[in-house]
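Next comes upload34.txt, with compact mmCIF, N, CA and C atoms.
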# COMPACT_ATOMS: atom_id res chain seq x y z
N GLY A 1478 -18.73 8.19 -18.49
CA GLY A 1478 -18.95 9.60 -18.65
C GLY A 1478 -19.71 10.23 -17.51
N GLN A 1479 -20.04 9.45 -16.47
CA GLN A 1479 -20.79 10.00 -15.35
C GLN A 1479 -19.94 10.11 -14.09
N GLY A 1480 -18.73 9.64 -14.15
CA GLY A 1480 -17.88 9.63 -12.96
C GLY A 1480 -16.81 10.69 -13.04
N VAL A 1481 -15.77 10.48 -12.27
CA VAL A 1481 -14.70 11.47 -12.18
C VAL A 1481 -13.42 11.05 -12.91
N LEU A 1482 -13.41 9.85 -13.48
CA LEU A 1482 -12.23 9.42 -14.24
C LEU A 1482 -12.19 10.13 -15.58
N ASP A 1483 -11.01 10.55 -15.98
CA ASP A 1483 -10.81 11.23 -17.25
C ASP A 1483 -10.49 10.18 -18.31
N PHE A 1484 -11.53 9.56 -18.86
CA PHE A 1484 -11.32 8.50 -19.84
C PHE A 1484 -10.65 8.98 -21.11
N PRO A 1485 -10.94 10.18 -21.63
CA PRO A 1485 -10.18 10.62 -22.81
C PRO A 1485 -8.67 10.66 -22.53
N ALA A 1486 -8.27 11.12 -21.36
CA ALA A 1486 -6.84 11.15 -21.03
C ALA A 1486 -6.28 9.73 -20.91
N LEU A 1487 -7.04 8.82 -20.33
CA LEU A 1487 -6.58 7.44 -20.23
C LEU A 1487 -6.40 6.81 -21.61
N LEU A 1488 -7.34 7.06 -22.50
CA LEU A 1488 -7.21 6.51 -23.85
C LEU A 1488 -5.97 7.07 -24.54
N ASN A 1489 -5.66 8.34 -24.30
CA ASN A 1489 -4.43 8.92 -24.86
C ASN A 1489 -3.19 8.21 -24.33
N VAL A 1490 -3.18 7.92 -23.03
CA VAL A 1490 -2.06 7.20 -22.44
C VAL A 1490 -1.92 5.82 -23.08
N PHE A 1491 -3.04 5.13 -23.22
CA PHE A 1491 -3.00 3.79 -23.83
C PHE A 1491 -2.53 3.86 -25.27
N ARG A 1492 -3.01 4.86 -26.01
CA ARG A 1492 -2.64 4.99 -27.42
C ARG A 1492 -1.15 5.26 -27.58
N LYS A 1493 -0.56 6.02 -26.65
CA LYS A 1493 0.85 6.38 -26.73
C LYS A 1493 1.76 5.32 -26.10
N SER A 1494 1.18 4.29 -25.53
CA SER A 1494 1.97 3.25 -24.87
C SER A 1494 2.84 2.51 -25.89
N PRO A 1495 4.08 2.17 -25.49
CA PRO A 1495 4.92 1.37 -26.38
C PRO A 1495 4.37 -0.05 -26.55
N LEU A 1496 3.50 -0.46 -25.65
CA LEU A 1496 2.89 -1.78 -25.77
C LEU A 1496 1.74 -1.67 -26.76
N ASN A 1497 1.71 -2.50 -27.75
CA ASN A 1497 0.63 -2.40 -28.73
C ASN A 1497 -0.40 -3.50 -28.56
N ASP A 1498 -0.29 -4.27 -27.51
CA ASP A 1498 -1.25 -5.35 -27.30
C ASP A 1498 -2.08 -5.16 -26.04
N LEU A 1499 -2.37 -3.90 -25.72
CA LEU A 1499 -3.18 -3.61 -24.53
C LEU A 1499 -4.62 -4.06 -24.77
N THR A 1500 -5.19 -4.67 -23.78
CA THR A 1500 -6.58 -5.07 -23.84
C THR A 1500 -7.36 -4.21 -22.87
N MET A 1501 -8.41 -3.62 -23.35
CA MET A 1501 -9.28 -2.81 -22.49
C MET A 1501 -10.61 -3.53 -22.33
N SER A 1502 -11.23 -3.32 -21.18
CA SER A 1502 -12.54 -3.91 -20.96
C SER A 1502 -13.38 -2.96 -20.13
N ILE A 1503 -14.68 -3.13 -20.24
CA ILE A 1503 -15.61 -2.36 -19.44
C ILE A 1503 -16.17 -3.31 -18.39
N GLU A 1504 -16.14 -2.87 -17.17
CA GLU A 1504 -16.63 -3.70 -16.08
C GLU A 1504 -17.72 -2.94 -15.32
N ILE A 1505 -18.88 -3.51 -15.32
CA ILE A 1505 -19.98 -2.98 -14.53
C ILE A 1505 -20.17 -3.99 -13.40
N GLY A 1506 -19.78 -3.61 -12.20
CA GLY A 1506 -19.81 -4.59 -11.14
C GLY A 1506 -20.41 -4.09 -9.84
N ALA A 1507 -21.01 -2.95 -9.84
CA ALA A 1507 -21.51 -2.40 -8.58
C ALA A 1507 -23.03 -2.46 -8.53
N LEU A 1508 -23.53 -3.19 -7.57
CA LEU A 1508 -24.97 -3.21 -7.37
C LEU A 1508 -25.43 -2.00 -6.55
N GLU A 1509 -24.46 -1.38 -5.89
CA GLU A 1509 -24.78 -0.19 -5.11
C GLU A 1509 -24.33 1.04 -5.87
N ALA A 1510 -25.01 2.14 -5.64
CA ALA A 1510 -24.69 3.38 -6.33
C ALA A 1510 -23.27 3.81 -6.00
N ARG A 1511 -22.73 4.59 -6.88
CA ARG A 1511 -21.38 5.10 -6.68
C ARG A 1511 -21.46 6.27 -5.71
N HIS A 1512 -21.97 5.98 -4.54
CA HIS A 1512 -22.19 6.97 -3.49
C HIS A 1512 -21.13 6.70 -2.42
N ILE A 1513 -20.14 7.55 -2.37
CA ILE A 1513 -19.03 7.34 -1.44
C ILE A 1513 -19.37 8.01 -0.12
N ARG A 1514 -19.45 7.22 0.90
CA ARG A 1514 -19.92 7.69 2.21
C ARG A 1514 -18.74 8.06 3.09
N VAL A 1515 -17.94 9.05 2.69
CA VAL A 1515 -16.72 9.37 3.43
C VAL A 1515 -16.99 9.87 4.84
N LEU A 1516 -18.19 10.32 5.13
CA LEU A 1516 -18.49 10.81 6.47
C LEU A 1516 -19.15 9.75 7.35
N ALA A 1517 -19.33 8.56 6.81
CA ALA A 1517 -19.93 7.47 7.60
C ALA A 1517 -18.84 6.74 8.39
N ASP A 1518 -19.15 6.41 9.63
CA ASP A 1518 -18.18 5.73 10.49
C ASP A 1518 -17.68 4.41 9.91
N ASP A 1519 -18.57 3.67 9.25
CA ASP A 1519 -18.18 2.35 8.75
C ASP A 1519 -17.41 2.41 7.43
N TYR A 1520 -17.13 3.59 6.91
CA TYR A 1520 -16.39 3.73 5.65
C TYR A 1520 -14.88 3.56 5.84
N TRP A 1521 -14.36 4.02 6.96
CA TRP A 1521 -12.91 4.16 7.14
C TRP A 1521 -12.15 2.98 7.74
N PRO A 1522 -12.76 2.03 8.44
CA PRO A 1522 -11.95 0.98 9.11
C PRO A 1522 -11.03 0.19 8.18
N GLU A 1523 -11.36 0.05 6.92
CA GLU A 1523 -10.54 -0.73 5.98
C GLU A 1523 -9.33 0.06 5.47
N TYR A 1524 -9.28 1.35 5.76
CA TYR A 1524 -8.20 2.19 5.24
C TYR A 1524 -7.19 2.50 6.34
N PRO A 1525 -5.93 2.72 5.95
CA PRO A 1525 -4.93 3.10 6.96
C PRO A 1525 -5.23 4.50 7.49
N PRO A 1526 -4.71 4.82 8.67
CA PRO A 1526 -4.93 6.16 9.24
C PRO A 1526 -4.45 7.25 8.28
N ARG A 1527 -5.16 8.35 8.27
CA ARG A 1527 -4.84 9.49 7.41
C ARG A 1527 -4.72 10.75 8.25
N SER A 1528 -4.03 11.72 7.72
CA SER A 1528 -3.89 12.99 8.42
C SER A 1528 -5.14 13.85 8.20
N ALA A 1529 -5.29 14.87 9.01
CA ALA A 1529 -6.39 15.82 8.85
C ALA A 1529 -6.30 16.49 7.48
N HIS A 1530 -5.09 16.77 7.03
CA HIS A 1530 -4.89 17.39 5.72
C HIS A 1530 -5.44 16.48 4.61
N GLN A 1531 -5.13 15.18 4.70
CA GLN A 1531 -5.62 14.23 3.70
C GLN A 1531 -7.14 14.12 3.75
N LEU A 1532 -7.71 14.13 4.95
CA LEU A 1532 -9.16 14.09 5.07
C LEU A 1532 -9.78 15.35 4.45
N ALA A 1533 -9.19 16.50 4.70
CA ALA A 1533 -9.69 17.74 4.14
C ALA A 1533 -9.67 17.68 2.61
N LYS A 1534 -8.58 17.15 2.04
CA LYS A 1534 -8.49 17.01 0.58
C LYS A 1534 -9.58 16.08 0.05
N THR A 1535 -9.84 14.99 0.78
CA THR A 1535 -10.89 14.06 0.37
C THR A 1535 -12.24 14.75 0.38
N ILE A 1536 -12.54 15.46 1.44
CA ILE A 1536 -13.83 16.15 1.55
C ILE A 1536 -13.95 17.22 0.46
N GLN A 1537 -12.87 17.95 0.19
CA GLN A 1537 -12.90 18.95 -0.89
C GLN A 1537 -13.19 18.29 -2.24
N TYR A 1538 -12.57 17.14 -2.47
CA TYR A 1538 -12.78 16.41 -3.71
C TYR A 1538 -14.23 15.97 -3.84
N VAL A 1539 -14.77 15.41 -2.77
CA VAL A 1539 -16.15 14.96 -2.79
C VAL A 1539 -17.09 16.14 -3.04
N GLN A 1540 -16.88 17.24 -2.34
CA GLN A 1540 -17.75 18.41 -2.51
C GLN A 1540 -17.68 18.96 -3.93
N SER A 1541 -16.51 18.97 -4.51
CA SER A 1541 -16.38 19.55 -5.85
C SER A 1541 -16.95 18.63 -6.94
N ASN A 1542 -17.12 17.34 -6.64
CA ASN A 1542 -17.62 16.40 -7.63
C ASN A 1542 -19.01 15.85 -7.31
N ALA A 1543 -19.56 16.25 -6.19
CA ALA A 1543 -20.86 15.71 -5.77
C ALA A 1543 -21.99 16.30 -6.62
N GLU A 1544 -22.96 15.47 -6.91
CA GLU A 1544 -24.15 15.95 -7.59
C GLU A 1544 -25.03 16.65 -6.58
N THR A 1545 -25.66 17.71 -7.01
CA THR A 1545 -26.53 18.45 -6.10
C THR A 1545 -28.00 18.10 -6.32
N SER A 1546 -28.25 17.22 -7.25
CA SER A 1546 -29.62 16.82 -7.54
C SER A 1546 -30.20 16.03 -6.36
N HIS A 1547 -31.47 16.22 -6.13
CA HIS A 1547 -32.15 15.46 -5.08
C HIS A 1547 -32.89 14.25 -5.66
N ALA A 1548 -32.58 13.94 -6.90
CA ALA A 1548 -33.18 12.78 -7.54
C ALA A 1548 -32.72 11.50 -6.84
N GLU A 1549 -33.48 10.46 -6.99
CA GLU A 1549 -33.13 9.16 -6.39
C GLU A 1549 -31.78 8.71 -6.91
N TRP A 1550 -30.85 8.42 -6.02
CA TRP A 1550 -29.51 8.01 -6.40
C TRP A 1550 -29.27 6.53 -6.16
N ARG A 1551 -30.16 5.88 -5.42
CA ARG A 1551 -29.96 4.47 -5.12
C ARG A 1551 -30.30 3.61 -6.33
N THR A 1552 -29.59 2.51 -6.47
CA THR A 1552 -29.85 1.57 -7.56
C THR A 1552 -31.09 0.74 -7.22
N PRO A 1553 -31.65 0.04 -8.22
CA PRO A 1553 -32.78 -0.85 -7.93
C PRO A 1553 -32.43 -1.88 -6.85
N TYR A 1554 -31.18 -2.36 -6.83
CA TYR A 1554 -30.75 -3.30 -5.81
C TYR A 1554 -30.89 -2.69 -4.42
N GLU A 1555 -30.43 -1.45 -4.27
CA GLU A 1555 -30.50 -0.78 -2.98
C GLU A 1555 -31.93 -0.47 -2.57
N GLN A 1556 -32.80 -0.37 -3.54
CA GLN A 1556 -34.21 -0.08 -3.26
C GLN A 1556 -35.04 -1.35 -3.06
N GLY A 1557 -34.39 -2.52 -3.14
CA GLY A 1557 -35.10 -3.78 -2.92
C GLY A 1557 -35.99 -4.19 -4.08
N GLU A 1558 -35.66 -3.72 -5.27
CA GLU A 1558 -36.46 -4.05 -6.46
C GLU A 1558 -36.26 -5.53 -6.83
N PRO A 1559 -37.18 -6.08 -7.63
CA PRO A 1559 -37.02 -7.48 -8.06
C PRO A 1559 -35.82 -7.66 -8.99
N ALA A 1560 -35.40 -8.90 -9.12
CA ALA A 1560 -34.20 -9.24 -9.91
C ALA A 1560 -34.30 -8.72 -11.35
N GLU A 1561 -35.49 -8.74 -11.94
CA GLU A 1561 -35.65 -8.27 -13.32
C GLU A 1561 -35.32 -6.79 -13.44
N ALA A 1562 -35.72 -6.00 -12.45
CA ALA A 1562 -35.43 -4.56 -12.47
C ALA A 1562 -33.93 -4.31 -12.28
N ILE A 1563 -33.31 -5.10 -11.43
CA ILE A 1563 -31.87 -4.97 -11.20
C ILE A 1563 -31.11 -5.31 -12.48
N ALA A 1564 -31.48 -6.41 -13.14
CA ALA A 1564 -30.82 -6.82 -14.38
C ALA A 1564 -31.03 -5.77 -15.47
N ALA A 1565 -32.22 -5.22 -15.57
CA ALA A 1565 -32.49 -4.19 -16.59
C ALA A 1565 -31.63 -2.96 -16.32
N TYR A 1566 -31.52 -2.57 -15.06
CA TYR A 1566 -30.69 -1.41 -14.70
C TYR A 1566 -29.23 -1.66 -15.06
N GLU A 1567 -28.71 -2.82 -14.72
CA GLU A 1567 -27.32 -3.14 -15.03
C GLU A 1567 -27.08 -3.18 -16.54
N ASN A 1568 -28.05 -3.70 -17.30
CA ASN A 1568 -27.92 -3.71 -18.75
C ASN A 1568 -27.91 -2.29 -19.31
N GLU A 1569 -28.75 -1.41 -18.76
CA GLU A 1569 -28.76 0.00 -19.19
C GLU A 1569 -27.43 0.68 -18.87
N GLU A 1570 -26.88 0.39 -17.69
CA GLU A 1570 -25.59 0.95 -17.30
C GLU A 1570 -24.49 0.48 -18.25
N LEU A 1571 -24.50 -0.81 -18.58
CA LEU A 1571 -23.50 -1.36 -19.49
C LEU A 1571 -23.63 -0.72 -20.87
N GLN A 1572 -24.86 -0.61 -21.38
CA GLN A 1572 -25.05 -0.03 -22.71
C GLN A 1572 -24.61 1.43 -22.73
N ALA A 1573 -24.92 2.19 -21.69
CA ALA A 1573 -24.49 3.59 -21.62
C ALA A 1573 -22.97 3.68 -21.59
N SER A 1574 -22.31 2.78 -20.86
CA SER A 1574 -20.85 2.77 -20.81
C SER A 1574 -20.25 2.43 -22.17
N LEU A 1575 -20.81 1.44 -22.84
CA LEU A 1575 -20.33 1.08 -24.17
C LEU A 1575 -20.51 2.23 -25.15
N ASP A 1576 -21.68 2.85 -25.13
CA ASP A 1576 -21.93 3.98 -26.02
C ASP A 1576 -20.93 5.10 -25.77
N TYR A 1577 -20.66 5.39 -24.51
CA TYR A 1577 -19.71 6.45 -24.16
C TYR A 1577 -18.31 6.11 -24.66
N MET A 1578 -17.85 4.89 -24.42
CA MET A 1578 -16.51 4.49 -24.84
C MET A 1578 -16.40 4.46 -26.37
N TYR A 1579 -17.42 3.95 -27.06
CA TYR A 1579 -17.38 3.95 -28.52
C TYR A 1579 -17.26 5.38 -29.05
N GLN A 1580 -18.01 6.30 -28.45
CA GLN A 1580 -17.94 7.70 -28.88
C GLN A 1580 -16.56 8.28 -28.63
N LEU A 1581 -15.97 7.99 -27.47
CA LEU A 1581 -14.62 8.48 -27.18
C LEU A 1581 -13.61 7.95 -28.19
N ILE A 1582 -13.71 6.68 -28.49
CA ILE A 1582 -12.77 6.07 -29.44
C ILE A 1582 -12.97 6.68 -30.82
N ARG A 1583 -14.22 6.86 -31.25
CA ARG A 1583 -14.48 7.50 -32.54
C ARG A 1583 -13.92 8.91 -32.57
N ASP A 1584 -14.17 9.68 -31.50
CA ASP A 1584 -13.67 11.06 -31.43
C ASP A 1584 -12.15 11.09 -31.49
N GLN A 1585 -11.50 10.18 -30.77
CA GLN A 1585 -10.04 10.18 -30.77
C GLN A 1585 -9.48 9.73 -32.12
N ASN A 1586 -10.14 8.80 -32.76
CA ASN A 1586 -9.69 8.38 -34.08
C ASN A 1586 -9.84 9.50 -35.09
N ILE A 1587 -10.91 10.27 -34.98
CA ILE A 1587 -11.12 11.40 -35.90
C ILE A 1587 -10.05 12.46 -35.65
N SER A 1588 -9.78 12.79 -34.35
CA SER A 1588 -8.79 13.81 -34.08
C SER A 1588 -7.39 13.34 -34.46
N LYS A 1589 -7.13 12.04 -34.32
CA LYS A 1589 -5.82 11.50 -34.71
C LYS A 1589 -5.64 11.60 -36.23
N LYS A 1590 -6.69 11.31 -36.99
CA LYS A 1590 -6.61 11.42 -38.46
C LYS A 1590 -6.44 12.86 -38.87
N GLY A 1591 -7.12 13.77 -38.19
CA GLY A 1591 -7.01 15.19 -38.51
C GLY A 1591 -5.63 15.75 -38.21
N ALA A 1592 -4.92 15.15 -37.26
CA ALA A 1592 -3.59 15.63 -36.87
C ALA A 1592 -2.51 15.09 -37.80
N SER A 1593 -2.82 14.02 -38.55
CA SER A 1593 -1.77 13.45 -39.40
C SER A 1593 -1.78 14.01 -40.79

Translate this structure into structure tokens?
Amino acid sequence: GQGVLDFPALLNVFRKSPLNDLTMSIEIGALEARHIRVLADDYWPEYPPRSAHQLAKTIQYVQSNAETSHAEWRTPYEQGEPAEAIAAYENEELQASLDYMYQLIRDQNISKKGAS
């Protein structure tokens, strides 16, 4: 619920899928903040060349979705915190993700029952 993916729409796609044995999972795997450094020189070498139009679209996307808060955005890992702080942060991130997904599933189940 903190990113740019439309999870309610994804759950609708999964629910409408002809496959009824879809497995979903939550993966928390980033020790670094979800801070996309599109203007940093070392960001682009792994990607194929892009046009100026594509770069403009990327920058527009970043600007429209960027947080304007000046609060600390780096994770405990990026700040050099001890392992216990990093583990606690990752556990909090996982719990927040689970809570968000459970709420989405509950909301969709309620709206599905209301529609039938």

- prompt: Tell me, which residues of chain A carry DSSP alpha helix (DSSP H), written as a ChimeraX atom specification?
  reply: /A:1484-1493,1529-1542,1560-1592

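Shell of A:Tyr1554 at 6 Å, with all atoms listed in the file counted and residues fewer than 2 places along the chain excluded, is Leu1508, Thr1552, Gln1556, Gly1557, Glu1558 and Ile1563 of chain A.
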
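Here atom CA of A:Ala1565 and atom CA of A:Val1481 stand 24.1 Å from one another.
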
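Note that atom C of A:Val1490 and atom C of A:Leu1575 are 19.0 Å apart.
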
- request: One decimal, Å: what's the distance from atom CA of A:Leu1487 over to atom C of A:Asn1586, could you say?
  value: 15.4 Å

task: Rank A:Ile1505, A:Val1515, A:Ile1582, A:Ala1543 by their smallest atom-to-atom distance to A:Glu1570, using all atoms listed in the file, and report the top residue only.
output: A:Ile1505
